[in-house]
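Undergrad: Just structure.pdb, nothing more (PDB, C-alpha atoms and all ligand atoms):
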ATOM      1  CA  MET N 211      -4.043  -9.578 -13.715
ATOM      2  CA  ARG N 212      -0.473  -9.941 -14.906
ATOM      3  CA  ILE N 213       1.854 -11.979 -12.706
ATOM      4  CA  ILE N 214       5.578 -11.308 -12.589
ATOM      5  CA  LEU N 215       7.228 -14.320 -11.081
ATOM      6  CA  ALA N 216      10.659 -13.308  -9.796
ATOM      7  CA  GLN N 217      13.516 -15.778  -9.344
ATOM      8  CA  SER N 218      14.281 -14.430  -5.871
ATOM      9  CA  THR N 219      12.921 -12.004  -3.288
ATOM     10  CA  ALA N 220      15.650  -9.545  -4.241
ATOM     11  CA  GLU N 221      14.533  -9.694  -7.871
ATOM     12  CA  ALA N 222      10.880  -9.146  -6.868
ATOM     13  CA  ASN N 223      11.819  -6.098  -4.778
ATOM     14  CA  GLU N 224      13.975  -4.759  -7.608
ATOM     15  CA  ALA N 225      11.145  -5.217 -10.132
ATOM     16  CA  VAL N 226       8.717  -3.170  -8.040
ATOM     17  CA  ALA N 227      11.282  -0.460  -7.267
ATOM     18  CA  SER N 228      12.024  -0.170 -11.002
ATOM     19  CA  ILE N 229       8.337   0.226 -11.838
ATOM     20  CA  VAL N 230       8.073   3.093  -9.338
ATOM     21  CA  TYR N 231      11.332   4.710 -10.496
ATOM     22  CA  ASP N 232      10.216   4.559 -14.138
ATOM     23  CA  LYS N 233       6.865   6.116 -13.297
ATOM     24  CA  LEU N 234       8.541   8.932 -11.354
ATOM     25  CA  GLN N 235      10.901   9.481 -14.260
ATOM     26  CA  GLY N 236       8.363   9.188 -17.056
ATOM     27  CA  LEU N 237       5.516  11.419 -15.882
ATOM     28  CA  LEU N 238       5.536  15.203 -15.565
ATOM     29  CA  ASN N 239       3.338  15.182 -12.445
ATOM     30  CA  PRO N 240       3.554  11.649 -11.082
ATOM     31  CA  VAL N 241       1.023  10.768  -8.405
ATOM     32  CA  ILE N 242       1.983   7.605  -6.546
ATOM     33  CA  GLY N 243      -0.040   5.737  -3.929
ATOM     34  CA  LEU N 244       2.221   4.255  -1.255
ATOM     35  CA  ALA N 245       1.706   1.182   0.891
ATOM     36  CA  THR N 246       3.385   0.439   4.199
ATOM     37  CA  GLY N 247       4.263  -2.901   5.785
ATOM     38  CA  ARG N 248       7.397  -4.993   6.038
ATOM     39  CA  THR N 249       7.102  -6.160   2.423
ATOM     40  CA  MET N 250       7.645  -2.645   1.106
ATOM     41  CA  GLU N 251      10.692  -1.730   3.188
ATOM     42  CA  PRO N 252      13.293  -3.249   0.813
ATOM     43  CA  VAL N 253      11.449  -1.763  -2.175
ATOM     44  CA  TYR N 254      11.766   1.743  -0.764
ATOM     45  CA  LYS N 255      15.414   1.103   0.079
ATOM     46  CA  ILE N 256      16.140   0.125  -3.536
ATOM     47  CA  LEU N 257      14.082   3.050  -4.847
ATOM     48  CA  VAL N 258      16.131   5.483  -2.759
ATOM     49  CA  GLN N 259      19.363   3.888  -4.026
ATOM     50  CA  LYS N 260      18.152   4.253  -7.608
ATOM     51  CA  VAL N 261      17.243   7.907  -7.133
ATOM     52  CA  ARG N 262      20.653   8.574  -5.561
ATOM     53  CA  ALA N 263      22.438   6.810  -8.428
ATOM     54  CA  ARG N 264      20.332   8.426 -11.161
ATOM     55  CA  PRO N 265      18.735  11.569  -9.653
ATOM     56  CA  LEU N 266      15.193  12.507 -10.631
ATOM     57  CA  ASN N 267      13.422  15.816 -10.546
ATOM     58  CA  LEU N 268      10.757  15.084  -7.937
ATOM     59  CA  LYS N 269       9.483  18.674  -7.599
ATOM     60  CA  GLN N 270       6.170  17.805  -9.264
ATOM     61  CA  SER N 271       5.743  14.405  -7.635
ATOM     62  CA  PHE N 272       2.982  13.695  -5.139
ATOM     63  CA  PHE N 273       2.273  10.728  -2.876
ATOM     64  CA  PHE N 274      -0.967   9.515  -1.282
ATOM     65  CA  MET N 275      -0.961   7.039   1.573
ATOM     66  CA  LEU N 276      -3.255   4.035   1.529
ATOM     67  CA  ASP N 277      -4.158   4.164   5.185
ATOM     68  CA  GLU N 278      -3.257   5.308   8.696
ATOM     69  CA  TYR N 279      -3.928   4.018  12.189
ATOM     70  CA  VAL N 280      -6.437   5.865  14.341
ATOM     71  CA  GLY N 281      -5.657   6.421  18.009
ATOM     72  CA  LEU N 282      -1.873   6.730  18.029
ATOM     73  CA  PRO N 283      -0.269   9.933  19.324
ATOM     74  CA  LYS N 284       0.995  12.286  16.581
ATOM     75  CA  ASN N 285       4.355  11.153  15.164
ATOM     76  CA  HIS N 286       4.175   7.810  16.972
ATOM     77  CA  VAL N 287       7.035   5.665  15.702
ATOM     78  CA  SER N 288       4.629   2.936  14.495
ATOM     79  CA  SER N 289       2.338   5.322  12.622
ATOM     80  CA  PHE N 290       2.382   4.962   8.866
ATOM     81  CA  LYS N 291       3.384   8.610   8.617
ATOM     82  CA  SER N 292       6.557   7.859  10.596
ATOM     83  CA  TYR N 293       7.156   4.807   8.397
ATOM     84  CA  ILE N 294       6.909   6.883   5.218
ATOM     85  CA  ASP N 295       9.064   9.660   6.689
ATOM     86  CA  GLN N 296      11.727   7.097   7.583
ATOM     87  CA  HIS N 297      11.656   4.973   4.425
ATOM     88  CA  VAL N 298      10.627   7.404   1.694
ATOM     89  CA  ARG N 299      10.278  11.097   2.469
ATOM     90  CA  LEU N 300      13.480  11.859   4.363
ATOM     91  CA  PRO N 301      15.800   9.625   2.279
ATOM     92  CA  LEU N 302      14.436  11.255  -0.890
ATOM     93  CA  GLY N 303      14.865  14.719   0.646
ATOM     94  CA  LEU N 304      11.218  15.677   0.066
ATOM     95  CA  SER N 305       9.148  18.136   2.096
ATOM     96  CA  GLU N 306       5.825  17.181   3.674
ATOM     97  CA  ASP N 307       3.984  19.128   0.929
ATOM     98  CA  HIS N 308       4.530  16.168  -1.386
ATOM     99  CA  PHE N 309       2.578  13.741   0.819
ATOM    100  CA  ALA N 310      -1.051  13.319   1.840
ATOM    101  CA  PHE N 311      -2.263  11.092   4.669
ATOM    102  CA  PRO N 312      -5.787  10.527   5.891
ATOM    103  CA  SER N 313      -6.184  12.927   8.860
ATOM    104  CA  VAL N 314      -6.627  10.806  11.951
ATOM    105  CA  HIS N 315      -6.211  13.408  14.699
ATOM    106  CA  VAL N 316      -9.702  14.766  14.181
ATOM    107  CA  LYS N 317     -13.153  14.491  15.767
ATOM    108  CA  ASP N 318     -15.067  13.729  12.606
ATOM    109  CA  PHE N 319     -13.639  10.710  10.759
ATOM    110  CA  ASP N 320     -16.323  10.800   8.053
ATOM    111  CA  GLU N 321     -15.378  14.351   7.194
ATOM    112  CA  SER N 322     -11.700  13.418   7.197
ATOM    113  CA  ALA N 323     -12.388  10.477   4.852
ATOM    114  CA  GLN N 324     -14.405  12.678   2.497
ATOM    115  CA  ASN N 325     -11.652  15.285   2.483
ATOM    116  CA  TYR N 326      -9.161  12.591   1.548
ATOM    117  CA  GLU N 327     -11.358  11.369  -1.303
ATOM    118  CA  ARG N 328     -11.657  14.971  -2.513
ATOM    119  CA  ALA N 329      -7.874  15.447  -2.381
ATOM    120  CA  ILE N 330      -7.363  12.332  -4.512
ATOM    121  CA  ARG N 331     -10.044  13.486  -6.978
ATOM    122  CA  GLU N 332      -8.562  16.973  -7.189
ATOM    123  CA  SER N 333      -5.122  15.609  -7.957
ATOM    124  CA  SER N 334      -4.849  14.264 -11.457
ATOM    125  CA  GLY N 335      -5.709  10.837  -9.962
ATOM    126  CA  ILE N 336      -3.293   8.185  -8.745
ATOM    127  CA  ASP N 337      -1.059   7.010 -11.584
ATOM    128  CA  LEU N 338       0.403   4.040  -9.764
ATOM    129  CA  GLN N 339      -0.843   2.493  -6.540
ATOM    130  CA  LEU N 340       1.598   0.253  -4.694
ATOM    131  CA  LEU N 341       0.001  -2.472  -2.622
ATOM    132  CA  GLY N 342       0.885  -5.209  -0.213
ATOM    133  CA  VAL N 343      -1.573  -7.849   0.896
ATOM    134  CA  GLY N 344      -2.575  -9.086   4.326
ATOM    135  CA  GLN N 345      -2.554 -12.814   5.039
ATOM    136  CA  ASN N 346      -6.360 -12.591   5.326
ATOM    137  CA  GLY N 347      -6.628 -10.875   1.937
ATOM    138  CA  HIS N 348      -6.891  -7.319   3.189
ATOM    139  CA  VAL N 349      -5.728  -4.500   0.947
ATOM    140  CA  GLY N 350      -4.879  -1.249   2.694
ATOM    141  CA  PHE N 351      -7.078  -1.953   5.704
ATOM    142  CA  ASN N 352     -10.047  -3.224   3.694
ATOM    143  CA  GLU N 353     -10.672  -6.279   5.790
ATOM    144  CA  PRO N 354     -12.726  -9.340   4.757
ATOM    145  CA  GLY N 355     -16.351  -8.253   4.281
ATOM    146  CA  SER N 356     -15.391  -4.902   2.708
ATOM    147  CA  SER N 357     -17.434  -4.030  -0.339
ATOM    148  CA  LYS N 358     -16.020  -3.666  -3.819
ATOM    149  CA  ASN N 359     -17.375  -0.108  -3.971
ATOM    150  CA  SER N 360     -16.073   0.970  -0.563
ATOM    151  CA  ARG N 361     -14.548   4.430  -0.272
ATOM    152  CA  THR N 362     -12.095   5.962   2.205
ATOM    153  CA  ARG N 363     -13.563   5.428   5.668
ATOM    154  CA  LEU N 364     -12.996   4.526   9.291
ATOM    155  CA  VAL N 365     -12.428   0.769   9.518
ATOM    156  CA  LYS N 366     -12.033  -1.745  12.344
ATOM    157  CA  LEU N 367      -8.986  -3.971  12.167
ATOM    158  CA  SER N 368      -9.644  -7.700  12.255
ATOM    159  CA  PRO N 369      -8.203  -9.873  15.044
ATOM    160  CA  SER N 370      -5.820 -11.557  12.564
ATOM    161  CA  THR N 371      -4.513  -8.181  11.364
ATOM    162  CA  LEU N 372      -3.863  -7.158  14.963
ATOM    163  CA  VAL N 373      -1.786 -10.315  15.391
ATOM    164  CA  ALA N 374       0.051  -9.834  12.067
ATOM    165  CA  ASN N 375       0.949  -6.204  12.842
ATOM    166  CA  ARG N 376       1.948  -6.843  16.470
ATOM    167  CA  PRO N 377       5.703  -6.903  15.652
ATOM    168  CA  SER N 378       5.568  -3.235  14.575
ATOM    169  CA  PHE N 379       4.636  -2.212  18.131
ATOM    170  CA  GLN N 380       6.335  -2.345  21.517
ATOM    171  CA  ILE N 381       5.390  -5.390  23.557
ATOM    172  CA  THR N 382       3.811  -3.174  26.232
ATOM    173  CA  GLU N 383       1.684  -1.197  23.781
ATOM    174  CA  ASN N 384      -1.907  -1.819  22.752
ATOM    175  CA  LEU N 385      -2.384  -1.860  19.002
ATOM    176  CA  PRO N 386      -4.846   0.643  17.568
ATOM    177  CA  ALA N 387      -8.138  -1.099  16.807
ATOM    178  CA  GLU N 388      -9.096   1.227  13.950
ATOM    179  CA  ALA N 389      -7.709   2.997  10.934
ATOM    180  CA  ILE N 390      -8.753   5.225   8.079
ATOM    181  CA  SER N 391      -8.204   3.372   4.816
ATOM    182  CA  MET N 392      -8.784   4.136   1.168
ATOM    183  CA  GLY N 393     -11.669   1.943   0.038
ATOM    184  CA  ILE N 394     -11.515  -0.762  -2.607
ATOM    185  CA  GLY N 395     -13.472   1.551  -4.924
ATOM    186  CA  THR N 396     -10.907   4.296  -4.298
ATOM    187  CA  ILE N 397      -7.991   1.950  -5.004
ATOM    188  CA  MET N 398      -9.643   0.631  -8.176
ATOM    189  CA  GLU N 399      -9.645   4.160  -9.616
ATOM    190  CA  ALA N 400      -5.845   4.295  -9.678
ATOM    191  CA  LYS N 401      -4.580   3.963 -13.241
ATOM    192  CA  GLU N 402      -2.248   1.074 -12.390
ATOM    193  CA  LEU N 403      -2.012  -1.252  -9.411
ATOM    194  CA  VAL N 404       1.228  -2.994  -8.495
ATOM    195  CA  MET N 405       1.063  -5.506  -5.665
ATOM    196  CA  LEU N 406       4.092  -7.185  -4.127
ATOM    197  CA  ALA N 407       3.849 -10.381  -2.094
ATOM    198  CA  THR N 408       6.956 -12.050  -0.713
ATOM    199  CA  GLY N 409       7.567 -14.871   1.736
ATOM    200  CA  LYS N 410       5.845 -18.134   2.522
ATOM    201  CA  ASN N 411       3.294 -16.531   4.844
ATOM    202  CA  LYS N 412       1.689 -15.003   1.716
ATOM    203  CA  ALA N 413       1.511 -18.271  -0.263
ATOM    204  CA  ASP N 414      -2.034 -19.174   0.898
ATOM    205  CA  VAL N 415      -3.558 -15.778   0.164
ATOM    206  CA  ILE N 416      -1.868 -15.708  -3.263
ATOM    207  CA  LYS N 417      -3.274 -19.149  -4.040
ATOM    208  CA  TYR N 418      -6.717 -17.911  -2.997
ATOM    209  CA  LEU N 419      -6.313 -14.793  -5.142
ATOM    210  CA  VAL N 420      -5.403 -16.801  -8.211
ATOM    211  CA  ASN N 421      -8.405 -19.109  -7.799
ATOM    212  CA  HIS N 422     -11.185 -16.675  -6.799
ATOM    213  CA  HIS N 423     -12.854 -13.560  -8.205
ATOM    214  CA  ASN N 424     -14.857 -10.853  -6.469
ATOM    215  CA  ASP N 425     -14.958 -12.740  -3.195
ATOM    216  CA  ASP N 426     -15.843 -10.483  -0.271
ATOM    217  CA  LYS N 427     -14.183 -12.909   2.159
ATOM    218  CA  CYS N 428     -10.884 -11.971   0.518
ATOM    219  CA  PRO N 429     -10.934  -8.354  -0.732
ATOM    220  CA  VAL N 430      -7.721  -8.671  -2.760
ATOM    221  CA  THR N 431      -9.715 -10.782  -5.258
ATOM    222  CA  TYR N 432     -11.663  -7.642  -6.267
ATOM    223  CA  LEU N 433      -8.508  -6.203  -7.806
ATOM    224  CA  LYS N 434      -8.534  -8.797 -10.575
ATOM    225  CA  SER N 435     -11.216  -6.693 -12.320
ATOM    226  CA  HIS N 436      -8.735  -3.837 -12.708
ATOM    227  CA  ALA N 437      -7.449  -3.451 -16.269
ATOM    228  CA  HIS N 438      -3.849  -2.828 -15.130
ATOM    229  CA  PHE N 439      -3.157  -4.980 -12.092
ATOM    230  CA  VAL N 440       0.386  -6.357 -11.838
ATOM    231  CA  LEU N 441       1.171  -8.910  -9.142
ATOM    232  CA  VAL N 442       4.854  -9.386  -8.363
ATOM    233  CA  LEU N 443       5.729 -12.576  -6.482
ATOM    234  CA  ASP N 444       8.863 -14.102  -5.069
ATOM    235  CA  PRO N 445       9.235 -17.915  -5.256
ATOM    236  CA  GLU N 446       7.903 -18.481  -1.722
ATOM    237  CA  ALA N 447       4.758 -16.394  -2.194
ATOM    238  CA  ALA N 448       4.192 -18.215  -5.508
ATOM    239  CA  SER N 449       4.910 -21.650  -4.057
ATOM    240  CA  LYS N 450       1.267 -22.799  -3.871
ATOM    241  CA  ILE N 451       0.098 -21.687  -7.296
ATOM    242  CA  ASN N 452       0.196 -23.579 -10.543
ATOM    243  CA  LEU N 453       2.948 -21.901 -12.510
ATOM    244  CA  ASN N 454       1.419 -22.849 -15.851
ATOM    245  CA  ILE N 455      -1.592 -20.531 -15.414
TER     246      ILE N 455
HETATM  247  C1  LIG S 501      -0.855  -3.718   6.596
HETATM  248  C2  LIG S 501      -1.136  -2.523   5.723
HETATM  249  C3  LIG S 501      -1.129  -2.929   4.298
HETATM  250  C4  LIG S 501      -0.015  -3.922   4.061
HETATM  251  C5  LIG S 501      -0.328  -5.210   4.741
HETATM  252  C6  LIG S 501       0.760  -6.267   4.652
HETATM  253  O1  LIG S 501      -1.348  -3.727   7.797
HETATM  254  N1  LIG S 501      -2.306  -1.757   6.037
HETATM  255  O2  LIG S 501      -1.005  -1.793   3.482
HETATM  256  O3  LIG S 501       0.107  -4.173   2.686
HETATM  257  O4  LIG S 501      -0.714  -4.992   6.071
HETATM  258  O5  LIG S 501       1.821  -5.964   5.491
HETATM  259  P1  LIG S 501       3.233  -6.712   5.444
HETATM  260  O6  LIG S 501       3.901  -6.230   4.223
HETATM  261  O7  LIG S 501       3.934  -6.281   6.700
HETATM  262  O8  LIG S 501       2.961  -8.164   5.404
END
What would the structure in this file look like if it were written as structure tokens?

TA:
Amino acid sequence: MRIILAQSTAEANEAVASIVYDKLQGLLNPVIGLATGRTMEPVYKILVQKVRARPLNLKQSFFFMLDEYVGLPKNHVSSFKSYIDQHVRLPLGLSEDHFAFPSVHVKDFDESAQNYERAIRESSGIDLQLLGVGQNGHVGFNEPGSSKNSRTRLVKLSPSTLVANRPSFQITENLPAEAISMGIGTIMEAKELVMLATGKNKADVIKYLVNHHNDDKCPVTYLKSHAHFVLVLDPEAASKINLNI
């Protein structure tokens, strides 16, 4: 694991946006795995600004989503598809053909998960997977207890995730209790992983990550076995770790 310790949140966001921009620029057929969540919003904003300032040919680019809620109506404003449309697809002027999401409006979730795995396999593989982290150590929606070899599947969201994601929903709405998420094993097959953690509410999980390996209580610790795992931190997220490590 390589840690990039930014001097500010803005610098952390900029660092991640630059990594994505460079990958989109440098590869003929870039395949990028996208994460959602509040952490990623400024990253996508900066990425869009960069592409507008220095346009890229994105005709051969392709994007896979990490996860999607199950049980929301199609095009619900809090679905991850709507998030990606709003923050990435529409501002970059890309058609839907460039994006793949786990299909959640289906009867058979196992079949949907297997189809998603096949789509990832049949692409040239994910070159760069962007990741955020949950306060309980979840990655995508691989909640505590997920296995290191897990694949894309239907998952149940933990009570703490439901609380953490509450602000993305209307006060009167029930949060979906399930999602389809890439598995840890699926994520580990990406050629590079870049995780961004910002803000003091991520300081505890980052401390845990730094001090533990392969701990199923905190799935993010599995990622330390990846040969190319970059963790980008702002000062608050890094505030509980020993900076001399
Ligand atoms: C979510 C997503 C993750 C995301 C994480 C952190 O629920 N499934 O992909 O990284 O929680 O979200 P945030 O950035 O809002 O803290």

Undergrad: Which residues are near ligand LIG 501 (chain S) - at most 8 Å, using only C-alpha atoms and all ligand atoms? Format: as JSON, numbers by chain.

TA: {"N": [245, 246, 247, 248, 249, 250, 276, 277, 278, 341, 342, 343, 344, 345, 348, 349, 350, 351, 371, 374, 375, 391, 407, 412]}

Undergrad: Compare N:Val316, N:Leu403, N:Ala447, N:Ile394 by their minimum atom-to-atom distance to N:Asp426, counting all atoms listed in the file, and give me the closest one.

TA: N:Ile394

Undergrad: Would you list the contacts of N:Val253 as a ChimeraX atom specification, taking every protein, DNA or RNA residue within 6 Å and counting all atoms listed in the file, but skipping same-chain residues closer than 3 positions in sequence?

TA: /N:223,227,250,256

Undergrad: Apply the PyMOL selection byres (((chain N and resi 258) around 9) and not hetatm) to the displayed file and report the matching residues as a VMD selection string.

TA: chain N and resid 227 253 to 257 259 to 263 297 to 298 301 to 302

Undergrad: Exactly which residues make up the result of the PyMOL selection byres (((chain N and resi 333) around 10) and not hetatm) on this file, given as a tab-separated table (two decimals) with C-alpha atoms, in the coordinates of the input?

TA:
chain	number	residue	atom	x	y	z
N	239	ASN	CA	3.34	15.18	-12.44
N	241	VAL	CA	1.02	10.77	-8.40
N	272	PHE	CA	2.98	13.70	-5.14
N	274	PHE	CA	-0.97	9.52	-1.28
N	328	ARG	CA	-11.66	14.97	-2.51
N	329	ALA	CA	-7.87	15.45	-2.38
N	330	ILE	CA	-7.36	12.33	-4.51
N	331	ARG	CA	-10.04	13.49	-6.98
N	332	GLU	CA	-8.56	16.97	-7.19
N	334	SER	CA	-4.85	14.26	-11.46
N	335	GLY	CA	-5.71	10.84	-9.96
N	336	ILE	CA	-3.29	8.18	-8.74

Undergrad: Measure the distance from atom CA of N:Ala222 to atom CA of N:Leu238 in Å and round it to one decimal.

TA: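 Atom CA of N:Ala222 sits 26.4 Å away from atom CA of N:Leu238.
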
Undergrad: Using all atoms listed in the file for the distances, tell me which of N:Ile294, N:Ser378, N:Glu446, N:Lys358 is nearest to N:His423.

TA: N:Lys358

Undergrad: Taking 5 positions as the minimum chain separation for residues in the same chain, which residues sit within 9 Å of N:Met392 when counting only C-alpha atoms? Answer as a PDB file with C-alpha atoms, in the frame of the given file.

TA:
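Below is the file that was written, out-v3.pdb:
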ATOM      1  CA  MET N 275      -0.961   7.039   1.573  1.00  0.00           C
ATOM      2  CA  LEU N 276      -3.255   4.035   1.529  1.00  0.00           C
ATOM      3  CA  ASP N 277      -4.158   4.164   5.185  1.00  0.00           C
ATOM      4  CA  PRO N 312      -5.787  10.527   5.891  1.00  0.00           C
ATOM      5  CA  ALA N 323     -12.388  10.477   4.852  1.00  0.00           C
ATOM      6  CA  TYR N 326      -9.161  12.591   1.548  1.00  0.00           C
ATOM      7  CA  GLU N 327     -11.358  11.369  -1.303  1.00  0.00           C
ATOM      8  CA  GLY N 350      -4.879  -1.249   2.694  1.00  0.00           C
ATOM      9  CA  PHE N 351      -7.078  -1.953   5.704  1.00  0.00           C
ATOM     10  CA  ASN N 352     -10.047  -3.224   3.694  1.00  0.00           C
ATOM     11  CA  SER N 360     -16.073   0.970  -0.563  1.00  0.00           C
ATOM     12  CA  ARG N 361     -14.548   4.430  -0.272  1.00  0.00           C
ATOM     13  CA  THR N 362     -12.095   5.962   2.205  1.00  0.00           C
ATOM     14  CA  ARG N 363     -13.563   5.428   5.668  1.00  0.00           C
ATOM     15  CA  ILE N 397      -7.991   1.950  -5.004  1.00  0.00           C
TER      16      ILE N 397
END

Undergrad: Suppose a student applies the PyMOL selection byres (((chain N and resi 385) around 9) and not hetatm) to this structure; what residues should they get, written as a PyMOL selection string?

TA: chain N and resi 281-282+372+375-376+379+383-384+386-388

Undergrad: Between atom CA of N:Glu221 and atom CA of N:Met405, what is the distance, to one decimal in Å?

TA: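 About the pair atom CA of N:Glu221 and atom CA of N:Met405: they are 14.3 Å apart.
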
Undergrad: Take atom CA of N:Gly409 and atom CA of N:Asp444 and report the distance between them in Å, one decimal.

TA: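 About the pair atom CA of N:Gly409 and atom CA of N:Asp444: they are 7.0 Å apart.
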
Undergrad: Using all atoms listed in the file, find the one residue out of N:Gly393, N:Pro445, N:Gly243, N:Gly355 that sits nearest to N:Phe311.

TA: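 Smallest distance to N:Phe311 is found for N:Gly243.
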
Undergrad: Counting all atoms listed in the file, which residue out of N:Ser288, N:Asn452, N:Ser218, N:Ser435 sits closest to N:Asn421?

TA: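 Comparing N:Ser288, N:Asn452, N:Ser218, N:Ser435 against N:Asn421, the winner is N:Asn452.
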
Undergrad: Compute the distance from (-10.4, -4.1, -8.9) to each atom, counting all atoms listed in the file, keep the residues with any atom at most 9 Å away, and return them as number ranges by chain; use the coordinates of the file.

TA: N: 358, 394-395, 397-399, 403, 424, 430-437, 439

Undergrad: With distances taken over only C-alpha atoms, which residue among N:Ala389, N:Val365, N:Leu266, N:Ile213 lies nearest N:Ala225?

TA: N:Ile213

Undergrad: Measuring between only C-alpha atoms, which one of N:Val226, N:Pro252, N:Thr382, N:Leu364 shows the shortest distance to N:Glu321?

TA: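 Of the candidates, the smallest distance to N:Glu321 is held by N:Leu364.
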
Undergrad: Is it possible to add N, CA, C and O atoms to stretch 424-437 of chain N and hand it back as a compact mmCIF listing (two decimals), keeping the file's coordinate frame?

TA:
# COMPACT_ATOMS: atom_id res chain seq x y z
N ASN N 424 -13.80 -11.62 -7.14
CA ASN N 424 -14.86 -10.85 -6.47
C ASN N 424 -15.43 -11.56 -5.25
O ASN N 424 -16.65 -11.70 -5.12
N ASP N 425 -14.55 -11.98 -4.37
CA ASP N 425 -14.96 -12.74 -3.20
C ASP N 425 -14.81 -11.83 -1.97
O ASP N 425 -13.68 -11.45 -1.62
N ASP N 426 -15.94 -11.47 -1.36
CA ASP N 426 -15.84 -10.48 -0.27
C ASP N 426 -15.17 -11.05 0.98
O ASP N 426 -14.80 -10.29 1.88
N LYS N 427 -14.95 -12.35 1.02
CA LYS N 427 -14.18 -12.91 2.16
C LYS N 427 -12.70 -12.60 2.01
O LYS N 427 -11.92 -12.75 2.95
N CYS N 428 -12.30 -12.19 0.80
CA CYS N 428 -10.88 -11.97 0.52
C CYS N 428 -10.77 -10.78 -0.45
O CYS N 428 -10.68 -10.94 -1.67
N PRO N 429 -10.80 -9.55 0.11
CA PRO N 429 -10.93 -8.35 -0.73
C PRO N 429 -9.90 -8.22 -1.85
O PRO N 429 -10.18 -7.60 -2.87
N VAL N 430 -8.72 -8.81 -1.70
CA VAL N 430 -7.72 -8.67 -2.76
C VAL N 430 -8.25 -9.24 -4.08
O VAL N 430 -7.83 -8.80 -5.15
N THR N 431 -9.19 -10.18 -4.02
CA THR N 431 -9.72 -10.78 -5.26
C THR N 431 -10.48 -9.77 -6.12
O THR N 431 -10.61 -9.96 -7.32
N TYR N 432 -10.97 -8.68 -5.49
CA TYR N 432 -11.66 -7.64 -6.27
C TYR N 432 -10.73 -7.01 -7.30
O TYR N 432 -11.16 -6.55 -8.34
N LEU N 433 -9.44 -6.96 -6.96
CA LEU N 433 -8.51 -6.20 -7.81
C LEU N 433 -8.30 -6.84 -9.18
O LEU N 433 -7.82 -6.21 -10.11
N LYS N 434 -8.70 -8.12 -9.28
CA LYS N 434 -8.53 -8.80 -10.58
C LYS N 434 -9.39 -8.17 -11.67
O LYS N 434 -9.16 -8.40 -12.85
N SER N 435 -10.40 -7.37 -11.30
CA SER N 435 -11.22 -6.69 -12.32
C SER N 435 -10.52 -5.44 -12.85
O SER N 435 -11.04 -4.81 -13.77
N HIS N 436 -9.42 -5.06 -12.24
CA HIS N 436 -8.74 -3.84 -12.71
C HIS N 436 -7.99 -4.15 -14.01
O HIS N 436 -7.36 -5.20 -14.13
N ALA N 437 -8.05 -3.21 -14.94
CA ALA N 437 -7.45 -3.45 -16.27
C ALA N 437 -5.92 -3.51 -16.21
O ALA N 437 -5.29 -4.11 -17.08
